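Remarks on the structure that follows.
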Amino acid sequence: MNRLEILGLPLDPVGFEEALARIEGFLALPGLDPVVTLNPELVVRAQGDPKLVRAVRRASLVTADGVGILWAAHRLYGARLAERVTGVELTEALLARGGAKLSVFFLGGRPGVAERAAENARARWGVRVAGTHHGYFEDEEAVVRAVGRAAPDLLLVGLGERQEKFVEAHREALGARVALSVGGTLDVLAGTARRAPAWTRRLGLEWAWRVGTDPRRWRRGWRLVRFWYLVEKTRRR
């Protein structure tokens with residue numbers, strides 16, 4: 001299937017194995033290929049944010065990270081995507097398949113998180129750690145230079161709401177083959193956060209579990225309502 005468009009943002013209707021194959025193809029090529037995992041919250045944030053829209057539209061691969069995206073693809077196009085392709089699952093699969101052949105830079109999280117994530121990834125999968133840096137930095141250019149000097153195969157970017165725009169702003173200087181925007185995945189790898197229970201993921205209720213267990217995520221609940229409204233509004237048009 002060709003790329004779809006969800007409220008102004010692209011979506012590649014690929015399954016998990018196809019997404020992995022594409023990323024492994026990117027790793028064999030020169031130049032940086034950004035990978036974005038699209039969820040309803042990102043779509044809502046992009047409304048009225050041209051820099052974020054540009055960052056997502058220029059990504060080499062945009063996968064459906066969130067049951068809401070699967071629903072929107074069906075609602076707007078009648079497309080039945082087989083499965084979600086999430087950042088944490090992509091990351092773990094890439095690290096497992098790459099092993100010692102893969103050099104990885106871990107960028108993001110609170111101080112200490114990237115280092116713990118890197119140590120755990122090296123112990124579990126044998127990956128080569130090209131470098132680490134927390135996400136609470138002020139000197140952005142210094143961080144970009146550090147990543148550029150390391151020239152990793154894979155750059156994991158866990159910078160929250162600014163991660164996609166960070167990659168787009170510095171894509172010529174980062175020196176990586178693939179930049180994967182992963183949100184809170186580094187916390188999962190570090191063991192400072194746990195994934196939602198498997199049953200919530202199977203039923204597409206992971207978002208509800210996260211909102212219900214962390215009051216700080218209530219804003220995300222409102223964004224989901226906004227996403228539903230915008231999709232229905234677009235469909236009626």
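Ordering of the structure tokens sets the chain letters (A, B, ...); residue numbers start at 1 within each chain; ligands are numbered from 1 in the order shown.
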
Please report, as a tab-separated table, each residue of region 50-115 of chain A lying at most 10 Å from region 140-148 of chain A, together with the nearest pair of atoms and the separation in Å rounded to one decimal; use only C-alpha atoms, and order rows by chain and ascending residue number.
residue	atom	partner	partner_atom	distance
A:Phe105	CA	A:Val147	CA	7.2
A:Phe106	CA	A:Val147	CA	9.4
A:Leu107	CA	A:Val147	CA	8.8

Exercise for review: Write out as a list in words each polymer residue whose atoms come within 9 Å of region 110-126 of chain A, counting only C-alpha atoms; drop sequence neighbours fewer than 3 positions from it.
Suggested key: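 Skipping anything fewer than 3 positions along the chain leaves Glu92, Leu95, Ala96, Arg97, Gly98, Gly99, Ala100, Lys101, Leu102, Val104, Phe105, Phe106, Leu107, Val129, Gly131, Thr132, His133, His134, Gly135, Tyr136, Leu186, Asp187, Val188, Leu189, Ala190, Gly191 and Thr192 of chain A.
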
Suppose we keep C-alpha atoms; can you now write the selection as a JSON list (two decimals), in the first residue's frame?
[["chain", "number", "residue", "atom", "x", "y", "z"],
["A", 92, "GLU", "CA", 14.44, -4.32, 21.12],
["A", 95, "LEU", "CA", 19.26, -4.47, 19.14],
["A", 96, "ALA", "CA", 18.66, -8.23, 19.22],
["A", 97, "ARG", "CA", 19.23, -8.68, 15.49],
["A", 98, "GLY", "CA", 22.18, -6.31, 15.30],
["A", 99, "GLY", "CA", 24.07, -7.58, 18.32],
["A", 100, "ALA", "CA", 27.78, -6.87, 18.28],
["A", 101, "LYS", "CA", 27.59, -5.68, 14.67],
["A", 102, "LEU", "CA", 25.46, -2.67, 15.67],
["A", 104, "VAL", "CA", 24.22, 2.52, 19.10],
["A", 105, "PHE", "CA", 24.08, 5.99, 20.64],
["A", 106, "PHE", "CA", 21.58, 6.35, 23.49],
["A", 107, "LEU", "CA", 20.25, 9.92, 23.77],
["A", 129, "VAL", "CA", 27.75, 1.48, 22.69],
["A", 131, "GLY", "CA", 27.91, 6.95, 23.30],
["A", 132, "THR", "CA", 25.29, 8.15, 25.75],
["A", 133, "HIS", "CA", 23.82, 11.49, 26.83],
["A", 134, "HIS", "CA", 20.85, 12.49, 28.95],
["A", 135, "GLY", "CA", 18.02, 14.57, 27.51],
["A", 136, "TYR", "CA", 18.27, 17.51, 29.91],
["A", 186, "LEU", "CA", 15.22, 4.32, 27.15],
["A", 187, "ASP", "CA", 13.50, 4.23, 30.54],
["A", 188, "VAL", "CA", 12.19, 0.76, 29.71],
["A", 189, "LEU", "CA", 15.66, -0.43, 28.68],
["A", 190, "ALA", "CA", 17.14, 1.13, 31.81],
["A", 191, "GLY", "CA", 14.58, -0.55, 34.05],
["A", 192, "THR", "CA", 13.33, 2.77, 35.44]]

**Study point:** Nearest to Thr91 (chain A), chosen from A:Glu24, A:Asp139, A:Glu161, A:Glu41, with only C-alpha atoms counted in the distances
**Key:** A:Glu24

Exercise for review: Could you find all residues in region 110-181 of chain A that DSSP calls strand (DSSP E) from the backbone, and write them as JSON, numbers by chain?
Suggested key: {"A": [128, 129, 130, 131, 132, 133, 154, 155, 156, 157, 158, 178, 179, 180, 181]}

Output C-alpha atoms of each residue in that selection to a file, as a PDB file, in the first residue's frame.
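Output contents, as saved in result_35.pdb:
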ATOM      1  CA  ARG A 128      28.459  -1.710  20.758  1.00  0.00           C
ATOM      2  CA  VAL A 129      27.755   1.475  22.690  1.00  0.00           C
ATOM      3  CA  ALA A 130      28.857   4.453  20.585  1.00  0.00           C
ATOM      4  CA  GLY A 131      27.906   6.945  23.297  1.00  0.00           C
ATOM      5  CA  THR A 132      25.289   8.154  25.750  1.00  0.00           C
ATOM      6  CA  HIS A 133      23.820  11.489  26.826  1.00  0.00           C
ATOM      7  CA  LEU A 154      21.616   3.601  15.217  1.00  0.00           C
ATOM      8  CA  LEU A 155      20.728   6.719  17.185  1.00  0.00           C
ATOM      9  CA  LEU A 156      17.964   6.194  19.753  1.00  0.00           C
ATOM     10  CA  VAL A 157      16.369   9.581  20.476  1.00  0.00           C
ATOM     11  CA  GLY A 158      14.249   9.747  23.617  1.00  0.00           C
ATOM     12  CA  VAL A 178      19.173   5.611  11.384  1.00  0.00           C
ATOM     13  CA  ALA A 179      17.645   7.973  13.955  1.00  0.00           C
ATOM     14  CA  LEU A 180      14.734   6.279  15.712  1.00  0.00           C
ATOM     15  CA  SER A 181      12.526   8.509  17.868  1.00  0.00           C
TER      16      SER A 181
END

Point to revise | Residue neighbourhood Arg84 (chain A), 7 Å, only C-alpha atoms, exclusion window fewer than 6 positions, as a PyMOL selection string | key: chain A and resi 64-67

Practice item. Identify, on the basis of only C-alpha atoms, every residue whose closest approach to Tyr77 (chain A) does not exceed 10 Å; exclude the query and any residue fewer than 3 positions from it along the same chain; express the result as an NGL selection string. Key: :A and (4-6 or 71-74 or 80 or 235)

Requested write-out: N, CA and C atoms of the selected residues, as an mmCIF file, in the first residue's frame:
data_model
loop_
_atom_site.group_PDB
_atom_site.id
_atom_site.type_symbol
_atom_site.label_atom_id
_atom_site.label_comp_id
_atom_site.auth_asym_id
_atom_site.auth_seq_id
_atom_site.Cartn_x
_atom_site.Cartn_y
_atom_site.Cartn_z
ATOM 1 N N LEU A 4 -0.326 6.559 3.528
ATOM 2 C CA LEU A 4 -1.577 7.202 3.854
ATOM 3 C C LEU A 4 -1.276 8.554 4.504
ATOM 4 N N GLU A 5 -2.314 9.352 4.720
ATOM 5 C CA GLU A 5 -2.141 10.619 5.413
ATOM 6 C C GLU A 5 -3.174 10.717 6.522
ATOM 7 N N ILE A 6 -2.687 10.910 7.740
ATOM 8 C CA ILE A 6 -3.548 11.011 8.910
ATOM 9 C C ILE A 6 -3.481 12.450 9.435
ATOM 10 N N TRP A 71 -7.133 2.677 14.024
ATOM 11 C CA TRP A 71 -8.547 3.045 13.892
ATOM 12 C C TRP A 71 -8.724 4.156 12.863
ATOM 13 N N ALA A 72 -7.862 5.186 12.908
ATOM 14 C CA ALA A 72 -7.983 6.310 11.984
ATOM 15 C C ALA A 72 -7.748 5.874 10.543
ATOM 16 N N ALA A 73 -6.785 4.977 10.329
ATOM 17 C CA ALA A 73 -6.524 4.493 8.972
ATOM 18 C C ALA A 73 -7.735 3.772 8.413
ATOM 19 N N HIS A 74 -8.404 2.994 9.267
ATOM 20 C CA HIS A 74 -9.615 2.302 8.815
ATOM 21 C C HIS A 74 -10.766 3.277 8.627
ATOM 22 N N ARG A 80 -7.233 -1.756 6.703
ATOM 23 C CA ARG A 80 -7.114 -2.576 7.909
ATOM 24 C C ARG A 80 -5.654 -2.952 8.113
ATOM 25 N N ARG A 235 -13.427 12.910 8.324
ATOM 26 C CA ARG A 235 -14.220 11.894 7.620
ATOM 27 C C ARG A 235 -15.508 12.484 7.085
#

Review point. Quick one: DSSP helix (DSSP H, G or I) residues in region 5-172 of chain A, as a ChimeraX atom specification?
Key: /A:16-27,40-46,50-57,67-77,87-101,113-125,140-150,160-169

Review point. How far is it from CA of Leu224 (chain A) to CA of Gly108 (chain A), in Å with one decimal?
Key: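 Interatomic distance here is 24.8 Å.
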
Practice item. In Å, rounded to a single decimal, give me how far CA of Pro34 (chain A) is from CA of Arg58 (chain A). Key: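 Between CA of Arg58 (chain A) and CA of Pro34 (chain A) the gap works out to 7.9 Å.
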
Review point. Residues at most 9 Å from Gly31 (chain A), counting only C-alpha atoms, excluding those fewer than 2 positions away in the same chain, as a list in words?
Key: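 Here the answer would be Phe26, Leu29, Asp33, Arg171, Glu172, Gly175, Ala176, Arg177 and Val178 of chain A.
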